[in-house]
>>> print(open('data-v4.cif').read())   # mmCIF, C-alpha atoms
data_work
loop_
_atom_site.label_atom_id
_atom_site.label_comp_id
_atom_site.auth_asym_id
_atom_site.auth_seq_id
_atom_site.Cartn_x
_atom_site.Cartn_y
_atom_site.Cartn_z
CA MET A 24 55.76 57.74 -37.55
CA TYR A 25 56.16 58.75 -33.93
CA ILE A 26 58.50 61.72 -33.67
CA ILE A 27 59.78 63.27 -30.43
CA ILE A 28 61.07 66.81 -30.65
CA VAL A 29 63.18 68.00 -27.73
CA GLY A 30 63.15 71.78 -27.49
CA GLY A 31 59.99 73.74 -28.29
CA GLY A 32 61.47 77.03 -29.46
CA LYS A 33 60.87 78.47 -32.90
CA VAL A 34 62.63 75.57 -34.60
CA GLY A 35 61.01 72.78 -32.60
CA ARG A 36 57.56 74.30 -32.77
CA GLY A 37 57.84 74.90 -36.51
CA ALA A 38 58.98 71.34 -37.07
CA ALA A 39 56.14 70.00 -34.91
CA ARG A 40 53.57 71.98 -36.89
CA ASP A 41 54.87 70.72 -40.26
CA LEU A 42 55.30 67.11 -39.17
CA MET A 43 51.78 67.05 -37.73
CA ASP A 44 50.44 68.47 -41.00
CA MET A 45 52.17 65.57 -42.74
CA GLY A 46 50.21 63.21 -40.51
CA HIS A 47 52.90 62.18 -38.05
CA GLU A 48 52.37 61.67 -34.34
CA VAL A 49 54.43 64.27 -32.53
CA CYS A 50 55.49 64.98 -28.94
CA VAL A 51 57.37 68.17 -28.08
CA VAL A 52 59.41 68.06 -24.86
CA GLU A 53 59.88 71.55 -23.46
CA ARG A 54 61.20 72.60 -20.07
CA ASP A 55 59.71 76.08 -19.99
CA GLY A 56 56.11 76.07 -18.75
CA ASN A 57 54.94 79.11 -20.71
CA THR A 58 56.43 77.82 -23.95
CA ALA A 59 54.89 74.38 -23.42
CA TRP A 60 51.53 76.01 -22.72
CA ALA A 61 51.75 78.08 -25.91
CA ILE A 62 52.53 74.96 -27.96
CA ASN A 63 49.57 73.10 -26.52
CA ASN A 64 47.39 76.12 -27.21
CA GLU A 65 48.38 76.13 -30.86
CA LEU A 66 48.82 72.47 -31.71
CA GLY A 67 46.68 70.56 -29.20
CA GLU A 68 48.02 68.52 -26.30
CA VAL A 69 51.39 67.60 -27.80
CA ALA A 70 53.81 69.28 -25.38
CA LEU A 71 55.36 67.46 -22.43
CA LEU A 72 56.77 69.72 -19.73
CA GLY A 73 60.22 68.62 -18.60
CA ASP A 74 63.94 68.53 -19.28
CA GLY A 75 64.26 66.38 -22.38
CA ALA A 76 67.83 65.41 -21.52
CA GLU A 77 66.57 63.58 -18.41
CA ILE A 78 66.00 59.90 -19.00
CA HIS A 79 62.84 59.75 -16.87
CA VAL A 80 61.33 62.50 -19.04
CA GLN A 81 62.38 60.68 -22.19
CA ARG A 82 60.71 57.55 -20.85
CA ALA A 83 57.53 59.51 -20.10
CA ALA A 84 57.59 60.83 -23.67
CA GLY A 85 57.62 57.23 -24.92
CA MET A 86 61.07 57.36 -26.43
CA ASN A 87 61.24 53.56 -26.51
CA ARG A 88 58.67 53.55 -29.33
CA ALA A 89 59.89 56.68 -31.15
CA ASP A 90 60.89 56.31 -34.80
CA VAL A 91 62.68 59.65 -34.89
CA VAL A 92 64.08 61.94 -32.20
CA VAL A 93 64.92 65.53 -33.06
CA ALA A 94 67.21 67.31 -30.57
CA CYS A 95 66.75 70.98 -31.32
CA THR A 96 67.28 73.01 -28.18
CA GLY A 97 69.44 76.13 -28.24
CA ARG A 98 72.21 74.37 -26.30
CA ASP A 99 74.54 71.98 -28.10
CA GLN A 100 75.51 70.11 -24.93
CA ALA A 101 71.81 69.32 -24.34
CA ASN A 102 71.32 68.26 -27.97
CA LEU A 103 74.31 65.94 -27.76
CA ALA A 104 73.04 64.44 -24.48
CA VAL A 105 69.57 63.87 -25.98
CA ALA A 106 71.04 62.32 -29.11
CA GLN A 107 73.31 59.98 -27.15
CA THR A 108 70.67 58.76 -24.70
CA ALA A 109 68.10 58.34 -27.50
CA GLN A 110 70.52 56.14 -29.39
CA THR A 111 72.24 54.28 -26.53
CA ARG A 112 69.37 53.88 -24.11
CA PHE A 113 66.29 53.73 -26.34
CA ASN A 114 67.77 52.43 -29.63
CA VAL A 115 65.99 55.13 -31.62
CA ALA A 116 66.55 54.41 -35.32
CA LYS A 117 66.99 57.98 -36.47
CA VAL A 118 68.34 60.84 -34.38
CA ILE A 119 68.56 64.34 -35.81
CA ALA A 120 70.58 66.92 -33.88
CA ARG A 121 70.63 70.67 -34.23
CA ILE A 122 74.04 72.31 -33.87
CA ASN A 123 74.02 75.91 -32.72
CA ASP A 124 77.76 76.58 -32.71
CA PRO A 125 79.39 75.34 -35.96
CA ARG A 126 82.60 74.65 -34.03
CA ASN A 127 80.75 71.75 -32.40
CA GLU A 128 80.15 69.99 -35.71
CA PRO A 129 83.29 67.80 -35.45
CA ILE A 130 82.32 66.27 -32.10
CA PHE A 131 78.83 65.36 -33.35
CA GLN A 132 80.34 63.84 -36.51
CA THR A 133 83.01 61.98 -34.53
CA LEU A 134 80.39 60.48 -32.23
CA GLY A 135 78.47 59.24 -35.25
CA PHE A 136 75.67 61.78 -35.55
CA HIS A 137 75.56 62.48 -39.27
CA TYR A 138 72.04 63.89 -39.40
CA THR A 139 72.86 67.29 -38.07
CA ILE A 140 71.39 70.67 -38.88
CA SER A 141 73.37 73.81 -38.33
CA ALA A 142 71.30 76.93 -38.86
CA THR A 143 74.30 79.13 -38.15
CA THR A 144 76.33 77.48 -40.91
CA ALA A 145 73.41 77.72 -43.34
CA ILE A 146 72.85 81.40 -42.59
CA VAL A 147 76.55 82.24 -42.71
CA SER A 148 76.96 80.54 -46.08
CA ALA A 149 73.88 82.34 -47.39
CA ILE A 150 75.40 85.64 -46.29
CA GLU A 151 78.76 84.75 -47.83
CA GLN A 152 77.04 83.91 -51.07
CA GLU A 153 75.16 87.20 -51.17
CA VAL A 154 78.30 89.15 -50.32
CA SER A 155 80.62 87.40 -52.77
CA ALA A 156 77.93 86.74 -55.41
CA GLY A 157 79.98 83.63 -56.04
CA LEU A 158 78.94 80.02 -56.13
CA ASN A 159 75.81 79.05 -54.35
CA ARG A 160 76.47 75.89 -52.40
CA LEU A 161 73.25 73.93 -52.66
CA THR A 162 74.04 71.03 -50.41
CA GLN A 163 76.77 68.95 -48.87
CA MET A 164 76.30 65.36 -50.00
CA ARG A 165 75.61 63.04 -47.07
CA SER A 166 77.93 60.17 -47.64
CA THR A 167 80.78 61.72 -49.63
CA ALA A 168 82.97 64.80 -49.37
CA PHE A 169 81.31 66.35 -52.45
CA ILE A 170 79.10 69.41 -52.60
CA LEU A 171 76.56 70.57 -55.14
CA ALA A 172 77.10 74.17 -56.24
CA GLU A 173 74.98 76.41 -58.42
CA HIS A 174 76.23 79.33 -60.45
CA THR A 175 74.73 81.83 -62.88
CA ILE A 176 77.14 82.80 -65.68
CA PRO A 177 77.61 86.60 -65.77
CA SER A 178 77.49 88.26 -69.22
CA LEU A 179 81.15 89.32 -69.01
CA ALA A 180 82.49 85.94 -67.88
CA PRO A 181 85.43 84.73 -69.98
CA CYS A 182 83.76 81.34 -70.47
CA VAL A 183 80.81 82.80 -72.38
CA GLY A 184 80.82 81.29 -75.87
CA CYS A 185 83.25 78.54 -74.84
CA THR A 186 82.38 74.85 -74.82
CA VAL A 187 82.57 72.76 -71.67
CA ARG A 188 85.71 71.10 -73.08
CA ASP A 189 87.49 74.51 -73.10
CA LEU A 190 86.87 75.18 -69.41
CA ASP A 191 89.75 74.95 -66.98
CA LEU A 192 87.85 72.97 -64.35
CA PRO A 193 89.53 71.94 -61.07
CA PRO A 194 90.04 68.22 -60.36
CA HIS A 195 87.17 66.10 -59.03
CA THR A 196 84.68 68.49 -60.59
CA VAL A 197 81.84 67.68 -62.97
CA LEU A 198 79.21 69.94 -64.49
CA ALA A 199 75.97 68.09 -63.87
CA LEU A 200 73.32 70.36 -65.33
CA ILE A 201 72.91 73.53 -67.35
CA VAL A 202 69.63 75.42 -67.39
CA HIS A 203 69.66 77.80 -70.35
CA LYS A 204 68.08 81.22 -70.30
CA ASP A 205 65.03 79.88 -72.16
CA ASP A 206 64.45 77.54 -69.16
CA GLU A 207 65.59 74.51 -71.14
CA PRO A 208 67.62 72.13 -68.93
CA GLU A 209 70.46 70.15 -70.51
CA ILE A 210 72.99 67.62 -69.28
CA PRO A 211 76.21 69.23 -70.51
CA GLY A 212 78.58 67.31 -72.76
CA PRO A 213 82.08 68.37 -73.89
CA ASN A 214 80.62 70.27 -76.87
CA THR A 215 77.91 72.15 -74.98
CA THR A 216 78.35 75.89 -75.41
CA ILE A 217 78.07 78.14 -72.37
CA HIS A 218 75.97 81.28 -72.69
CA ALA A 219 75.58 84.31 -70.47
CA GLY A 220 72.75 83.77 -68.03
CA ASP A 221 73.10 79.98 -68.01
CA VAL A 222 72.62 78.42 -64.60
CA ILE A 223 75.15 75.64 -63.99
CA VAL A 224 74.95 73.00 -61.29
CA ALA A 225 78.32 71.41 -60.56
CA VAL A 226 79.58 68.63 -58.31
CA THR A 227 82.88 69.45 -56.66
CA GLN A 228 84.83 69.22 -53.42
CA PRO A 229 84.85 72.08 -50.91
CA GLU A 230 88.56 72.80 -51.47
CA HIS A 231 87.95 73.31 -55.21
CA GLU A 232 85.02 75.68 -54.81
CA SER A 233 87.10 78.80 -55.47
CA SER A 234 88.87 77.32 -58.53
CA LEU A 235 85.46 76.39 -59.92
CA ARG A 236 84.26 79.93 -59.35
CA LEU A 237 87.34 81.23 -61.18
CA ALA A 238 86.73 78.87 -64.12
CA LEU A 239 83.09 79.91 -64.48
CA THR A 240 83.19 83.62 -63.71
CA GLY A 241 86.79 84.71 -64.12
CA ASP A 242 86.91 86.19 -60.64
CA ASN A 243 87.88 84.87 -57.26
CA MET B 25 101.32 65.45 -14.25
CA ARG B 26 99.48 68.02 -16.34
CA VAL B 27 95.86 68.27 -15.23
CA VAL B 28 93.06 70.39 -16.73
CA ILE B 29 89.97 70.86 -14.56
CA MET B 30 86.68 72.24 -15.91
CA GLY B 31 84.54 73.82 -13.20
CA CYS B 32 85.92 75.73 -10.24
CA GLY B 33 83.17 75.13 -7.70
CA ARG B 34 83.61 73.38 -4.37
CA LEU B 35 84.85 70.15 -5.87
CA GLY B 36 86.89 71.57 -8.74
CA SER B 37 88.63 74.14 -6.57
CA THR B 38 89.36 71.61 -3.81
CA LEU B 39 90.97 69.23 -6.26
CA ALA B 40 92.82 72.05 -8.00
CA ARG B 41 94.31 73.25 -4.69
CA GLU B 42 95.29 69.76 -3.57
CA LEU B 43 96.86 68.74 -6.89
CA ASP B 44 98.68 72.09 -7.04
CA HIS B 45 100.11 71.58 -3.54
CA GLU B 46 101.18 68.08 -4.53
CA GLY B 47 103.26 69.63 -7.31
CA HIS B 48 101.08 68.91 -10.35
CA ASP B 49 100.72 71.34 -13.21
CA VAL B 50 97.07 72.46 -12.93
CA THR B 51 94.85 74.55 -15.23
CA VAL B 52 91.30 75.39 -14.10
CA ILE B 53 88.58 76.54 -16.53
CA ASP B 54 85.32 78.18 -15.47
CA ILE B 55 82.71 80.28 -17.28
CA ASP B 56 82.48 82.59 -14.29
CA ALA B 57 85.54 84.57 -13.18
CA ALA B 58 84.11 84.84 -9.66
CA ALA B 59 84.46 81.07 -9.28
CA PHE B 60 88.23 81.47 -8.98
CA ASN B 61 87.66 83.07 -5.56
CA TRP B 62 87.36 79.49 -4.34
CA LEU B 63 91.08 79.11 -4.95
CA GLU B 64 93.53 80.41 -2.39
CA ASP B 65 96.07 83.14 -3.07
CA ASP B 66 98.95 80.67 -3.07
CA PHE B 67 97.47 78.71 -6.03
CA GLN B 68 100.31 78.33 -8.53
CA GLY B 69 98.29 76.95 -11.42
CA VAL B 70 96.61 78.67 -14.36
CA THR B 71 93.01 79.94 -14.36
CA MET B 72 91.07 80.42 -17.59
CA ILE B 73 87.66 81.96 -18.20
CA GLY B 74 85.66 80.08 -20.82
CA ALA B 75 83.27 77.24 -21.58
CA GLY B 76 85.18 74.05 -20.87
CA GLU B 77 83.23 72.05 -23.47
CA ASP B 78 84.39 74.42 -26.21
CA VAL B 79 86.94 72.75 -28.46
CA GLU B 80 89.02 75.93 -28.79
CA VAL B 81 88.93 76.73 -25.07
CA GLN B 82 90.23 73.21 -24.41
CA GLN B 83 92.97 73.75 -26.97
CA ALA B 84 94.02 76.99 -25.26
CA ALA B 85 93.92 75.29 -21.85
CA GLY B 86 96.36 72.66 -23.08
CA VAL B 87 94.03 69.66 -23.07
CA PRO B 88 95.81 68.07 -26.09
CA THR B 89 99.04 67.79 -24.10
CA ALA B 90 97.55 67.23 -20.63
CA ASP B 91 97.62 63.84 -18.91
CA VAL B 92 94.16 64.16 -17.38
CA PHE B 93 91.00 66.15 -18.09
CA LEU B 94 88.39 66.40 -15.32
CA ALA B 95 84.88 67.73 -16.06
CA LEU B 96 83.51 68.87 -12.71
CA ALA B 97 81.09 71.64 -13.71
CA ASN B 98 77.52 71.58 -12.50
CA GLY B 99 75.65 70.40 -15.58
CA ASP B 100 75.64 66.75 -16.62
CA ASN B 101 75.20 67.64 -20.30
CA ARG B 102 78.09 70.07 -20.22
CA ASN B 103 80.43 67.65 -18.44
CA ALA B 104 79.49 64.81 -20.77
CA MET B 105 80.14 66.89 -23.87
CA ALA B 106 83.39 68.29 -22.48
CA VAL B 107 84.97 64.89 -21.78
CA GLN B 108 83.96 63.59 -25.19
CA VAL B 109 85.50 66.62 -26.91
CA ALA B 110 88.67 66.06 -24.85
CA LYS B 111 88.76 62.33 -25.55
CA HIS B 112 87.74 62.23 -29.22
CA ILE B 113 88.97 65.55 -30.61
CA HIS B 114 92.03 66.27 -28.45
CA ARG B 115 92.92 62.61 -27.84
CA SER B 116 93.16 63.15 -24.10
CA PRO B 117 94.50 59.90 -22.61
CA ARG B 118 92.39 60.08 -19.45
CA VAL B 119 89.11 61.88 -18.81
CA VAL B 120 86.69 61.83 -15.89
CA ALA B 121 83.19 63.34 -15.79
CA ARG B 122 80.98 64.06 -12.82
CA ILE B 123 77.44 63.03 -13.80
CA TYR B 124 74.74 63.58 -11.17
CA ASP B 125 71.99 61.58 -12.85
CA PRO B 126 72.59 57.84 -12.13
CA GLU B 127 70.81 56.75 -15.32
CA ARG B 128 72.80 59.06 -17.55
CA ALA B 129 75.94 57.99 -15.69
CA ASP B 130 75.21 54.44 -16.91
CA VAL B 131 74.75 55.64 -20.49
CA TYR B 132 78.12 57.37 -20.51
CA ARG B 133 79.87 54.41 -18.87
CA GLN B 134 78.45 52.33 -21.70
CA LEU B 135 80.05 54.80 -24.10
CA GLY B 136 83.44 54.25 -22.49
CA ILE B 137 83.68 57.35 -20.30
CA ASN B 138 85.05 57.31 -16.74
CA VAL B 139 82.11 58.60 -14.73
CA VAL B 140 81.82 59.56 -11.08
CA ASN B 141 78.22 59.64 -9.91
CA PRO B 142 77.86 61.59 -6.63
CA THR B 143 74.21 60.62 -6.23
CA THR B 144 74.81 56.90 -5.80
CA ILE B 145 77.88 57.51 -3.63
CA LEU B 146 76.00 59.87 -1.32
CA ASP B 147 72.95 57.64 -1.29
CA GLN B 148 75.12 54.85 0.09
CA MET B 149 76.83 57.09 2.65
CA VAL B 150 73.56 58.60 3.88
CA ARG B 151 72.08 55.12 4.29
CA GLU B 152 75.08 54.01 6.28
CA ALA B 153 74.96 57.11 8.49
CA ALA B 154 71.21 56.83 9.03
CA PHE B 155 70.78 53.14 9.59
CA ALA B 156 74.11 51.78 10.80
CA ILE B 157 74.03 50.41 14.33
CA ASP B 158 76.47 52.48 16.38
CA GLU B 159 79.37 50.60 17.84
CA PRO B 160 79.01 50.79 21.62
CA ASP B 161 81.74 52.84 23.35
CA GLY B 162 83.68 50.17 25.15
CA ALA B 163 82.21 46.99 26.47
CA ALA B 164 79.12 47.43 28.54
CA GLY B 165 79.47 45.93 31.94
#
>>> encode(input="data-v4.cif", output="structure tokens")
Amino acid sequence: MYIIIVGGGKVGRGAARDLMDMGHEVCVVERDGNTAWAINNELGEVALLGDGAEIHVQRAAGMNRADVVVACTGRDQANLAVAQTAQTRFNVAKVIARINDPRNEPIFQTLGFHYTISATTAIVSAIEQEVSAGLNRLTQMRSTAFILAEHTIPSLAPCVGCTVRDLDLPPHTVLALIVHKDDEPEIPGPNTTIHAGDVIVAVTQPEHESSLRLALTGDN
Amino acid sequence: MRVVIMGCGRLGSTLARELDHEGHDVTVIDIDAAAFNWLEDDFQGVTMIGAGEDVEVQQAAGVPTADVFLALANGDNRNAMAVQVAKHIHRSPRVVARIYDPERADVYRQLGINVVNPTTILDQMVREAAFAIDEPDGAAG
């Protein structure tokens, strides 16, 4: 595939390196001369010097034949502009946009950009998880409002020794997988007994995350 | 009318002053407090420091209840994002963006945004000034 990456910072350069290793043809558009030079030095002549939000630069990068465009500069307004011109002007099939400020997620979603990556949100949720030692949100499902959450059952949790049927689970919540302490995975049924140290993967909705945590660990 | 203007440079401040004098209810947003020096002392409207494309700054500036939102900052990307936040998140009934790049101006027009493109307007005016045949002063004898 031909992949154009706009923005050659740490994220763009890392993505370029990996995608090239996977055998893809890559062009990195970068407006800073030193950064572009450093990319070419490391990866071969793949960097194009210019403002990737400018249509004449996009044309020079061959955006009309790109399979994927990744907009990953540090500025959300630039990423949105790149995403919109790639889609509207060059009919690029897949556009992936990086969101730096999580408050900008709604506008990207509203304008139809569903392949977005928000490092800030990912880092913040990782921090929250470490601080609260609560549920680990694995992923937000793409096409529905559901999330996948992982939780390790503490030894003092009230649900230890109970069966799945006994749990007070919130609505729209299903336990999808239990990995027991002996590393044996099991699809839980109503009669499956929960042990301390079990790792449970559940499907739920974001608003029920805290009730699920309460059901599995006994604390909020 | 309630008007919110993003960008208090030459154009933004000129419009803000004029609309204020005409009796409109004007709020001007700029990321740089020094930009408000463009306004005169008798400006009755509201000035706000902040990024005009920010959804919360727009909320605080009253974009959801304003009649018009004008994005007149210097960057095309910033203006384009700001009017789309105003239009799609705050349901602003009328938005206008200044977009310098003629090609990007076309893209945003295609996406249903009111765009003013100074480059094509000036291009036309400069051509007229440079190549128009001057009308002779009075009939030559």
>>> interface_residues(input="data-v4.cif", of="chain A", to="chain B", cutoff="10 Å", atoms="all atoms listed in the file", output="mmCIF file with C-alpha atoms, in the frame of the given file")
data_model
loop_
_atom_site.group_PDB
_atom_site.id
_atom_site.type_symbol
_atom_site.label_atom_id
_atom_site.label_comp_id
_atom_site.auth_asym_id
_atom_site.auth_seq_id
_atom_site.Cartn_x
_atom_site.Cartn_y
_atom_site.Cartn_z
ATOM 1 C CA ALA A 76 67.830 65.410 -21.520
ATOM 2 C CA GLU A 77 66.570 63.580 -18.410
ATOM 3 C CA ILE A 78 66.000 59.900 -19.000
ATOM 4 C CA HIS A 79 62.840 59.750 -16.870
ATOM 5 C CA ARG A 98 72.210 74.370 -26.300
ATOM 6 C CA ASP A 99 74.540 71.980 -28.100
ATOM 7 C CA GLN A 100 75.510 70.110 -24.930
ATOM 8 C CA ALA A 101 71.810 69.320 -24.340
ATOM 9 C CA ASN A 102 71.320 68.260 -27.970
ATOM 10 C CA LEU A 103 74.310 65.940 -27.760
ATOM 11 C CA ALA A 104 73.040 64.440 -24.480
ATOM 12 C CA VAL A 105 69.570 63.870 -25.980
ATOM 13 C CA GLN A 107 73.310 59.980 -27.150
ATOM 14 C CA THR A 108 70.670 58.760 -24.700
ATOM 15 C CA GLN A 110 70.520 56.140 -29.390
ATOM 16 C CA THR A 111 72.240 54.280 -26.530
ATOM 17 C CA ARG A 112 69.370 53.880 -24.110
ATOM 18 C CA ASP A 124 77.760 76.580 -32.710
ATOM 19 C CA ARG A 126 82.600 74.650 -34.030
ATOM 20 C CA ASN A 127 80.750 71.750 -32.400
ATOM 21 C CA PRO A 129 83.290 67.800 -35.450
ATOM 22 C CA ILE A 130 82.320 66.270 -32.100
ATOM 23 C CA PHE A 131 78.830 65.360 -33.350
ATOM 24 C CA THR A 133 83.010 61.980 -34.530
ATOM 25 C CA LEU A 134 80.390 60.480 -32.230
#
>>> resolve_selection(input="data-v4.cif", expression="the PyMOL selection byres ((chain A and resi 234-242) around 12)", output="PyMOL selection string")
chain A and resi 152+155-160+170-198+217-233+243
>>> residues_around(input="data-v4.cif", residues="His137 of chain A", least_positions_apart="6", cutoff="12 Å", atoms="only C-alpha atoms", output="PyMOL selection string")
chain A and resi 106+117-122+128-131+163-167
>>> atom_distance(input="data-v4.cif", atom1="atom CA of Ile123 of chain B", atom2="atom CA of Leu63 of chain B")
22.9 Å
>>> residues_around(input="data-v4.cif", residues="Asp54 of chain B", least_positions_apart="6", cutoff="9 Å", atoms="all atoms listed in the file", output="mmCIF file with C-alpha atoms, in the frame of the given file")
data_model
loop_
_atom_site.group_PDB
_atom_site.id
_atom_site.type_symbol
_atom_site.label_atom_id
_atom_site.label_comp_id
_atom_site.auth_asym_id
_atom_site.auth_seq_id
_atom_site.Cartn_x
_atom_site.Cartn_y
_atom_site.Cartn_z
ATOM 1 C CA ILE B 29 89.970 70.860 -14.560
ATOM 2 C CA MET B 30 86.680 72.240 -15.910
ATOM 3 C CA GLY B 31 84.540 73.820 -13.200
ATOM 4 C CA CYS B 32 85.920 75.730 -10.240
ATOM 5 C CA GLY B 33 83.170 75.130 -7.700
ATOM 6 C CA PHE B 60 88.230 81.470 -8.980
ATOM 7 C CA THR B 71 93.010 79.940 -14.360
ATOM 8 C CA MET B 72 91.070 80.420 -17.590
ATOM 9 C CA ILE B 73 87.660 81.960 -18.200
ATOM 10 C CA GLY B 74 85.660 80.080 -20.820
ATOM 11 C CA ALA B 75 83.270 77.240 -21.580
ATOM 12 C CA GLY B 76 85.180 74.050 -20.870
ATOM 13 C CA ALA B 97 81.090 71.640 -13.710
#
>>> closest_residue(input="data-v4.cif", among="A:Ile28, A:Ala142, A:Leu200, A:Val115", to="His47 of chain A", atoms="all atoms listed in the file")
A:Ile28
>>> residues_around(input="data-v4.cif", residues="segment 53-63 of chain A", least_positions_apart="4", cutoff="12 Å", atoms="all atoms listed in the file", output="ChimeraX atom specification")
/A:27-33,35-40,49,67-77,80-81,84,94-97,101
>>> atom_distance(input="data-v4.cif", atom1="atom CA of Arg133 of chain B", atom2="atom CA of Ala121 of chain B")
10.0 Å
>>> atom_distance(input="data-v4.cif", atom1="atom CA of Glu48 of chain A", atom2="atom CA of Ile26 of chain A")
6.2 Å
>>> resolve_selection(input="data-v4.cif", expression="the PyMOL selection byres ((chain B and resi 68) around 9)", output="ChimeraX atom specification")
/B:41,44-45,49-50,65-67,69-70
>>> closest_residue(input="data-v4.cif", among="B:Asp147, B:Trp62, B:Ala85, B:His48", to="Leu35 of chain B", atoms="all atoms listed in the file")
B:Trp62
>>> decode(input="data-v4.cif", residues="segment 217-223 of chain A", atoms="all heavy atoms", output="mmCIF file, in the first residue's frame")
data_model
loop_
_atom_site.group_PDB
_atom_site.id
_atom_site.type_symbol
_atom_site.label_atom_id
_atom_site.label_comp_id
_atom_site.auth_asym_id
_atom_site.auth_seq_id
_atom_site.Cartn_x
_atom_site.Cartn_y
_atom_site.Cartn_z
ATOM 1 N N ILE A 217 -16.022 -17.878 40.317
ATOM 2 C CA ILE A 217 -14.977 -16.855 40.223
ATOM 3 C C ILE A 217 -13.991 -17.024 41.371
ATOM 4 O O ILE A 217 -14.382 -17.173 42.533
ATOM 5 C CB ILE A 217 -15.619 -15.454 40.233
ATOM 6 C CG1 ILE A 217 -16.426 -15.292 38.941
ATOM 7 C CG2 ILE A 217 -14.559 -14.362 40.345
ATOM 8 C CD1 ILE A 217 -17.299 -14.086 38.921
ATOM 9 N N HIS A 218 -12.707 -17.056 41.005
ATOM 10 C CA HIS A 218 -11.652 -17.243 42.003
ATOM 11 C C HIS A 218 -10.808 -15.986 42.106
ATOM 12 O O HIS A 218 -10.741 -15.201 41.153
ATOM 13 C CB HIS A 218 -10.751 -18.422 41.598
ATOM 14 C CG HIS A 218 -11.505 -19.683 41.360
ATOM 15 N ND1 HIS A 218 -11.940 -20.501 42.365
ATOM 16 C CD2 HIS A 218 -11.930 -20.258 40.197
ATOM 17 C CE1 HIS A 218 -12.582 -21.529 41.848
ATOM 18 N NE2 HIS A 218 -12.602 -21.403 40.527
ATOM 19 N N ALA A 219 -10.138 -15.835 43.237
ATOM 20 C CA ALA A 219 -9.192 -14.721 43.372
ATOM 21 C C ALA A 219 -8.095 -14.889 42.336
ATOM 22 O O ALA A 219 -7.641 -16.010 42.073
ATOM 23 C CB ALA A 219 -8.600 -14.724 44.774
ATOM 24 N N GLY A 220 -7.707 -13.801 41.730
ATOM 25 C CA GLY A 220 -6.642 -13.844 40.741
ATOM 26 C C GLY A 220 -7.130 -14.113 39.329
ATOM 27 O O GLY A 220 -6.352 -14.035 38.373
ATOM 28 N N ASP A 221 -8.424 -14.417 39.168
ATOM 29 C CA ASP A 221 -8.963 -14.580 37.810
ATOM 30 C C ASP A 221 -8.884 -13.240 37.068
ATOM 31 O O ASP A 221 -9.101 -12.184 37.661
ATOM 32 C CB ASP A 221 -10.444 -14.982 37.868
ATOM 33 C CG ASP A 221 -10.634 -16.460 38.187
ATOM 34 O OD1 ASP A 221 -9.614 -17.168 38.243
ATOM 35 O OD2 ASP A 221 -11.793 -16.870 38.387
ATOM 36 N N VAL A 222 -8.592 -13.338 35.786
ATOM 37 C CA VAL A 222 -8.646 -12.131 34.952
ATOM 38 C C VAL A 222 -9.912 -12.216 34.105
ATOM 39 O O VAL A 222 -10.127 -13.206 33.412
ATOM 40 C CB VAL A 222 -7.404 -12.012 34.038
ATOM 41 C CG1 VAL A 222 -7.530 -10.801 33.122
ATOM 42 C CG2 VAL A 222 -6.142 -11.910 34.884
ATOM 43 N N ILE A 223 -10.759 -11.204 34.222
ATOM 44 C CA ILE A 223 -12.050 -11.230 33.527
ATOM 45 C C ILE A 223 -12.083 -10.143 32.456
ATOM 46 O O ILE A 223 -11.723 -8.995 32.713
ATOM 47 C CB ILE A 223 -13.210 -11.010 34.525
ATOM 48 C CG1 ILE A 223 -13.241 -12.193 35.499
ATOM 49 C CG2 ILE A 223 -14.547 -10.850 33.800
ATOM 50 C CD1 ILE A 223 -14.391 -12.169 36.475
#
